[in-house]
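Asks: Take a look at protein.csv, CSV, C-alpha atoms:
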```
chain,number,residue,atom,x,y,z
A,1,MET,CA,-2.8,-5.9,-13.3
A,2,HIS,CA,-0.2,-8.6,-13.2
A,3,PRO,CA,0.5,-12.2,-13.9
A,4,PRO,CA,0.6,-15.0,-11.4
A,5,LEU,CA,4.0,-14.7,-10.0
A,6,SER,CA,6.3,-15.9,-7.3
A,7,ARG,CA,5.8,-13.2,-4.7
A,8,PRO,CA,8.6,-12.5,-2.3
A,9,ALA,CA,7.7,-9.8,0.3
A,10,LEU,CA,9.8,-6.7,0.3
A,11,THR,CA,12.8,-6.9,2.5
A,12,ARG,CA,13.1,-4.1,4.9
A,13,ARG,CA,15.7,-2.1,6.7
A,14,ALA,CA,15.6,-4.2,9.8
A,15,LEU,CA,12.3,-5.9,10.4
A,16,VAL,CA,9.5,-7.8,9.0
A,17,ARG,CA,8.2,-9.8,6.1
A,18,ALA,CA,4.7,-10.9,5.3
A,19,ALA,CA,2.7,-13.9,4.2
A,20,SER,CA,0.6,-14.5,1.1
A,21,LEU,CA,0.0,-12.2,-1.9
A,22,THR,CA,-3.1,-10.2,-2.2
A,23,ALA,CA,-5.5,-8.3,-4.3
A,24,ALA,CA,-8.9,-6.9,-4.6
A,25,SER,CA,-10.7,-4.4,-6.7
A,26,ALA,CA,-14.0,-3.0,-7.9
A,27,THR,CA,-15.1,-1.3,-11.2
A,28,LEU,CA,-13.3,-0.8,-14.5
A,29,THR,CA,-12.1,2.5,-13.1
A,30,MET,CA,-10.7,1.2,-10.0
A,31,LEU,CA,-8.1,-1.5,-10.0
A,32,ALA,CA,-5.2,-0.1,-11.9
A,33,ALA,CA,-3.9,1.0,-8.6
A,34,CYS,CA,-1.6,-1.7,-7.5
A,35,SER,CA,1.0,-2.9,-10.0
A,36,SER,CA,4.2,-2.5,-12.0
A,37,ALA,CA,6.2,-4.5,-14.4
A,38,ASN,CA,9.3,-5.3,-12.3
A,39,THR,CA,9.8,-8.5,-10.4
A,40,GLU,CA,10.4,-8.4,-6.7
A,41,ASP,CA,14.0,-8.1,-5.9
A,42,ASP,CA,13.6,-5.9,-2.9
A,43,THR,CA,16.3,-4.4,-0.8
A,44,MET,CA,15.7,-1.0,0.6
A,45,PRO,CA,18.7,1.3,1.3
A,46,THR,CA,18.8,3.9,3.9
A,47,ALA,CA,18.8,7.7,3.9
A,48,ASN,CA,17.7,10.1,6.7
A,49,PRO,CA,15.9,8.9,9.8
A,50,SER,CA,12.4,10.1,10.8
A,51,PRO,CA,12.4,13.1,13.1
A,52,ASP,CA,9.9,11.3,15.3
A,53,GLY,CA,11.9,8.1,15.9
A,54,ARG,CA,11.9,4.9,13.8
A,55,THR,CA,9.7,4.8,10.7
A,56,LEU,CA,7.7,1.8,9.5
A,57,LEU,CA,6.7,1.5,5.9
A,58,VAL,CA,3.7,-0.9,5.8
A,59,PHE,CA,1.6,-1.7,2.7
A,60,PHE,CA,-0.8,-4.0,0.9
A,61,SER,CA,-0.3,-4.7,-2.8
A,62,ARG,CA,-1.3,-7.2,-5.4
A,63,ALA,CA,0.1,-8.6,-8.6
A,64,GLY,CA,-2.0,-9.9,-11.5
A,65,GLU,CA,-4.2,-8.5,-14.3
A,66,TYR,CA,-5.0,-4.8,-14.1
A,67,TYR,CA,-6.9,-2.1,-15.8
A,68,TRP,CA,-4.1,-0.1,-17.6
A,69,ASN,CA,-4.5,3.0,-19.7
A,70,GLY,CA,-8.0,2.0,-20.8
A,71,GLY,CA,-7.1,-1.7,-21.4
A,72,ARG,CA,-5.8,-4.6,-19.4
A,73,ARG,CA,-2.2,-5.5,-18.6
A,74,VAL,CA,-0.6,-8.3,-16.5
A,75,LEU,CA,2.1,-7.0,-14.2
A,76,ASP,CA,4.5,-8.9,-11.9
A,77,THR,CA,4.7,-6.3,-9.1
A,78,GLY,CA,2.0,-4.2,-7.8
A,79,ASN,CA,2.3,-0.4,-8.3
A,80,THR,CA,1.8,0.1,-4.5
A,81,HIS,CA,4.7,-2.4,-4.0
A,82,ARG,CA,6.8,-0.6,-6.6
A,83,LEU,CA,6.0,2.8,-5.0
A,84,ALA,CA,7.0,1.4,-1.6
A,85,ARG,CA,10.3,0.4,-3.0
A,86,ILE,CA,11.0,3.8,-4.3
A,87,ILE,CA,10.1,5.3,-0.9
A,88,GLY,CA,12.3,2.8,0.9
A,89,ASP,CA,15.2,3.6,-1.4
A,90,ARG,CA,15.1,7.2,-0.1
A,91,THR,CA,14.7,7.1,3.6
A,92,ALA,CA,15.5,4.9,6.6
A,93,VAL,CA,12.5,2.5,7.2
A,94,ASP,CA,11.6,-0.9,8.4
A,95,THR,CA,9.3,-2.4,5.8
A,96,PHE,CA,6.3,-4.8,6.3
A,97,ARG,CA,4.2,-6.0,3.5
A,98,PHE,CA,0.9,-7.7,4.5
A,99,GLU,CA,-1.2,-10.1,2.5
A,100,ALA,CA,-4.7,-11.5,2.5
A,101,ALA,CA,-5.1,-14.9,4.2
A,102,GLU,CA,-7.2,-15.8,1.2
A,103,ALA,CA,-5.3,-14.5,-1.7
A,104,TYR,CA,-7.1,-12.4,-4.3
A,105,PRO,CA,-7.5,-13.7,-7.8
A,106,ASN,CA,-4.8,-12.9,-10.4
A,107,ALA,CA,-7.5,-12.1,-13.0
A,108,TYR,CA,-9.1,-8.7,-13.0
A,109,ASP,CA,-12.8,-9.4,-13.2
A,110,PRO,CA,-13.0,-11.9,-10.3
A,111,THR,CA,-11.0,-9.4,-8.2
A,112,VAL,CA,-13.4,-6.7,-9.0
A,113,SER,CA,-16.3,-8.9,-8.0
A,114,ARG,CA,-14.7,-9.9,-4.8
A,115,ASN,CA,-13.9,-6.4,-3.8
A,116,SER,CA,-17.4,-5.2,-4.7
A,117,ASP,CA,-18.8,-7.9,-2.4
A,118,GLU,CA,-16.5,-7.0,0.4
A,119,GLN,CA,-17.4,-3.3,0.2
A,120,GLU,CA,-21.1,-4.1,0.1
A,121,ARG,CA,-20.8,-6.3,3.2
A,122,ASP,CA,-18.4,-3.9,5.0
A,123,ALA,CA,-16.2,-7.0,5.3
A,124,ARG,CA,-12.9,-7.3,7.1
A,125,PRO,CA,-10.8,-9.7,5.0
A,126,ALA,CA,-8.3,-11.7,7.2
A,127,ILE,CA,-4.6,-10.9,7.0
A,128,ALA,CA,-2.1,-13.7,6.7
A,129,GLY,CA,0.4,-14.0,9.6
A,130,GLU,CA,1.1,-11.7,12.5
A,131,LEU,CA,1.1,-7.9,12.3
A,132,PRO,CA,3.9,-5.7,13.5
A,133,ASP,CA,4.1,-4.1,16.9
A,134,LEU,CA,4.0,-0.4,16.2
A,135,SER,CA,5.3,0.6,19.6
A,136,GLY,CA,8.7,2.3,19.1
A,137,TYR,CA,7.7,3.8,15.8
A,138,GLY,CA,7.1,7.5,15.5
A,139,THR,CA,5.9,7.4,11.9
A,140,VAL,CA,4.0,4.8,9.8
A,141,LEU,CA,4.0,5.2,6.0
A,142,LEU,CA,0.8,3.4,5.1
A,143,GLY,CA,0.4,2.2,1.5
A,144,SER,CA,-2.5,0.7,-0.5
A,145,PRO,CA,-4.1,0.8,-3.9
A,146,ILE,CA,-7.4,2.5,-4.5
A,147,TRP,CA,-10.2,0.0,-5.5
A,148,ASN,CA,-13.5,1.4,-6.4
A,149,VAL,CA,-12.7,4.9,-5.1
A,150,ARG,CA,-11.4,3.8,-1.7
A,151,PRO,CA,-8.7,1.7,-0.1
A,152,PRO,CA,-9.6,-2.0,-0.1
A,153,MET,CA,-11.4,-3.4,2.9
A,154,ILE,CA,-8.3,-5.2,4.1
A,155,MET,CA,-6.9,-1.8,5.0
A,156,SER,CA,-9.7,-1.5,7.5
A,157,THR,CA,-8.7,-4.9,8.9
A,158,PHE,CA,-5.2,-3.7,9.4
A,159,LEU,CA,-6.0,-0.4,11.0
A,160,GLU,CA,-8.5,-2.0,13.4
A,161,SER,CA,-5.8,-4.6,14.4
A,162,VAL,CA,-2.9,-2.3,15.4
A,163,ASP,CA,-2.4,0.3,18.0
A,164,LEU,CA,-1.6,3.7,16.5
A,165,THR,CA,-1.5,5.6,19.7
A,166,GLY,CA,0.9,8.6,19.3
A,167,VAL,CA,2.0,7.5,15.8
A,168,ARG,CA,2.2,9.9,12.9
A,169,VAL,CA,0.4,8.3,9.9
A,170,LEU,CA,1.4,9.2,6.3
A,171,PRO,CA,-0.9,7.4,3.8
A,172,PHE,CA,0.2,6.8,0.2
A,173,VAL,CA,-1.9,5.3,-2.5
A,174,THR,CA,-1.7,4.2,-6.2
A,175,TYR,CA,-4.8,4.6,-8.4
A,176,ALA,CA,-6.3,4.3,-11.9
A,177,VAL,CA,-8.6,7.3,-12.3
A,178,SER,CA,-9.9,8.5,-8.9
A,179,SER,CA,-6.7,9.8,-7.3
A,180,ALA,CA,-6.9,9.3,-3.5
A,181,GLY,CA,-10.6,8.7,-3.6
A,182,ASP,CA,-12.2,8.6,-0.1
A,183,THR,CA,-9.0,7.5,1.6
A,184,ALA,CA,-9.2,10.4,4.1
A,185,GLY,CA,-12.8,9.6,5.0
A,186,VAL,CA,-12.2,5.9,5.3
A,187,TYR,CA,-9.1,6.3,7.5
A,188,ARG,CA,-10.4,9.1,9.7
A,189,PRO,CA,-12.5,7.0,12.1
A,190,LEU,CA,-9.9,4.2,12.1
A,191,THR,CA,-6.9,6.4,13.1
A,192,ARG,CA,-8.3,8.5,16.0
A,193,SER,CA,-5.5,7.4,18.3
A,194,ALA,CA,-2.8,8.5,15.9
A,195,SER,CA,-1.0,11.8,16.7
A,196,SER,CA,-1.7,13.0,13.2
A,197,VAL,CA,-2.8,11.7,9.8
A,198,SER,CA,-1.6,13.5,6.7
A,199,ALA,CA,-3.5,14.0,3.4
A,200,PRO,CA,-2.8,10.9,1.2
A,201,PHE,CA,0.1,11.0,-1.3
A,202,ALA,CA,-1.4,9.7,-4.5
A,203,VAL,CA,0.4,8.4,-7.6
A,204,ARG,CA,-1.3,7.1,-10.8
A,205,GLY,CA,-0.5,3.4,-11.2
A,206,GLU,CA,0.8,3.8,-14.7
A,207,ASP,CA,3.1,6.6,-13.6
A,208,VAL,CA,4.8,5.0,-10.6
A,209,ASP,CA,8.1,4.1,-12.3
A,210,GLY,CA,8.6,7.8,-13.0
A,211,ALA,CA,7.5,9.1,-9.6
A,212,ALA,CA,10.9,9.5,-7.9
A,213,ALA,CA,10.9,13.3,-7.9
A,214,GLU,CA,7.3,13.4,-6.5
A,215,VAL,CA,8.3,10.9,-3.8
A,216,ASP,CA,11.3,13.1,-2.9
A,217,ARG,CA,9.1,16.1,-2.5
A,218,TRP,CA,6.6,14.2,-0.4
A,219,LEU,CA,9.3,12.8,1.9
A,220,ARG,CA,11.0,16.3,2.2
A,221,ARG,CA,7.6,17.9,3.1
A,222,HIS,CA,7.3,15.4,6.0
A,223,ARG,CA,10.9,15.8,7.1
A,224,LEU,CA,11.9,12.2,6.2
A,225,VAL,CA,14.8,13.3,4.0
A,226,ALA,CA,16.9,16.4,4.2
```
Output the structure of this file as structure tokens.
Replies:
Amino acid sequence: MHPPLSRPALTRRALVRAASLTAASATLTMLAACSSANTEDDTMPTANPSPDGRTLLVFFSRAGEYYWNGGRRVLDTGNTHRLARIIGDRTAVDTFRFEAAEAYPNAYDPTVSRNSDEQERDARPAIAGELPDLSGYGTVLLGSPIWNVRPPMIMSTFLESVDLTGVRVLPFVTYAVSSAGDTAGVYRPLTRSASSVSAPFAVRGEDVDGAAAEVDRWLRRHRLVA
């Protein structure tokens, strides 16, 4: 996890920026999915364009205290955020980071409790600010942590709030121990209008900083880099 921090949203290739920092989580084996030890200094260079038109990289991440290699660690930048940066460094994207209207706690245990409650209630946590218009995008790279074996409930809020008609969706996640968890099952009913939804690309939270080669292979597989 990470410490309380000043939280600038990632800058993007041409587009958006988001609102207030987020977090949520759910059992001791869940929440290490969203952090990294670098502060946010985010510019995203360009590489090769999407074969299906413009590409939007959109993600939810949280800084604060995290489960980390069997213990706890406070990190300034979420692993999902860090992974999004690595992706954005390698391919031409617009980037949008969205945040919860009610920010998640920085401490691990209260975040776990809140996430558990939201999962039990099938809640839809509100998102701060406006969401991007996806028309004109051929591909959406959709990033989140894995909290208690699934993406946090705010991801359902996002997917129910945007129009994915004709869009290719490429999920990516960071996790502690459960890999992609039930990401495919959670997203399936929420992405029916998409042209396609790939299997999630999953990176262990503690391994994000060394994931560049994996990211390159993933982007190449989906024709986002040469």
Asks: How close does each residue of stretch 138-208 of chain A get to stretch 86-101 of chain A, giving the shortest atom pair and distance in Å to one decimal for every residue with an atom at most 10 Å away, counting only C-alpha atoms, sorted by chain and residue number, as a Markdown table?
Replies:
```
| residue | atom | partner | partner_atom | distance |
| --- | --- | --- | --- | --- |
| A:Thr139 | CA | A:Val93 | CA | 9.5 |
| A:Val140 | CA | A:Val93 | CA | 9.2 |
| A:Leu141 | CA | A:Val93 | CA | 9.0 |
| A:Leu142 | CA | A:Phe96 | CA | 9.9 |
| A:Gly143 | CA | A:Arg97 | CA | 9.3 |
| A:Ile154 | CA | A:Ala100 | CA | 7.4 |
| A:Met155 | CA | A:Phe98 | CA | 9.8 |
| A:Phe158 | CA | A:Phe98 | CA | 8.8 |
| A:Val208 | CA | A:Ile86 | CA | 8.9 |
```
Asks: At what distance in Å, to one decimal, does atom CA of A:Ile146 lie from atom CA of A:Gly181?
Replies: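 Separating atom CA of A:Gly181 from atom CA of A:Ile146 is a distance of 7.0 Å.
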Asks: Between atom CA of A:Val169 and atom CA of A:Val197, what is the spacing in Å?
Replies: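 It comes out at 4.7 Å.
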Asks: Rank A:Ser179, A:Ser161, A:Ser61, A:Ser156 by their smallest atom-to-atom distance to A:Tyr104, using all atoms listed in the file, and report the top residue only.
Replies: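 Ranked by minimum distance to A:Tyr104, first place goes to A:Ser61.
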Asks: When distances are computed from only C-alpha atoms, which of A:Pro151, A:Gly166, A:Gly205, A:Pro132 shows the smallest separation from A:Thr183?
Replies: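 Counting only C-alpha atoms, the residue closest to A:Thr183 is A:Pro151.
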Asks: Work out how far apart atom CA of A:Ala212 and atom CA of A:Asn79 are and give it in Å to one decimal.
Replies: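 Atom-to-atom, atom CA of A:Ala212 to atom CA of A:Asn79, that is 13.1 Å.
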Asks: Find, counting only C-alpha atoms, the residue in A:Val215, A:Leu164, A:Ala63, A:Val186 that gets nearest to A:Asp122.
Replies: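 Counting only C-alpha atoms, the residue closest to A:Asp122 is A:Val186.
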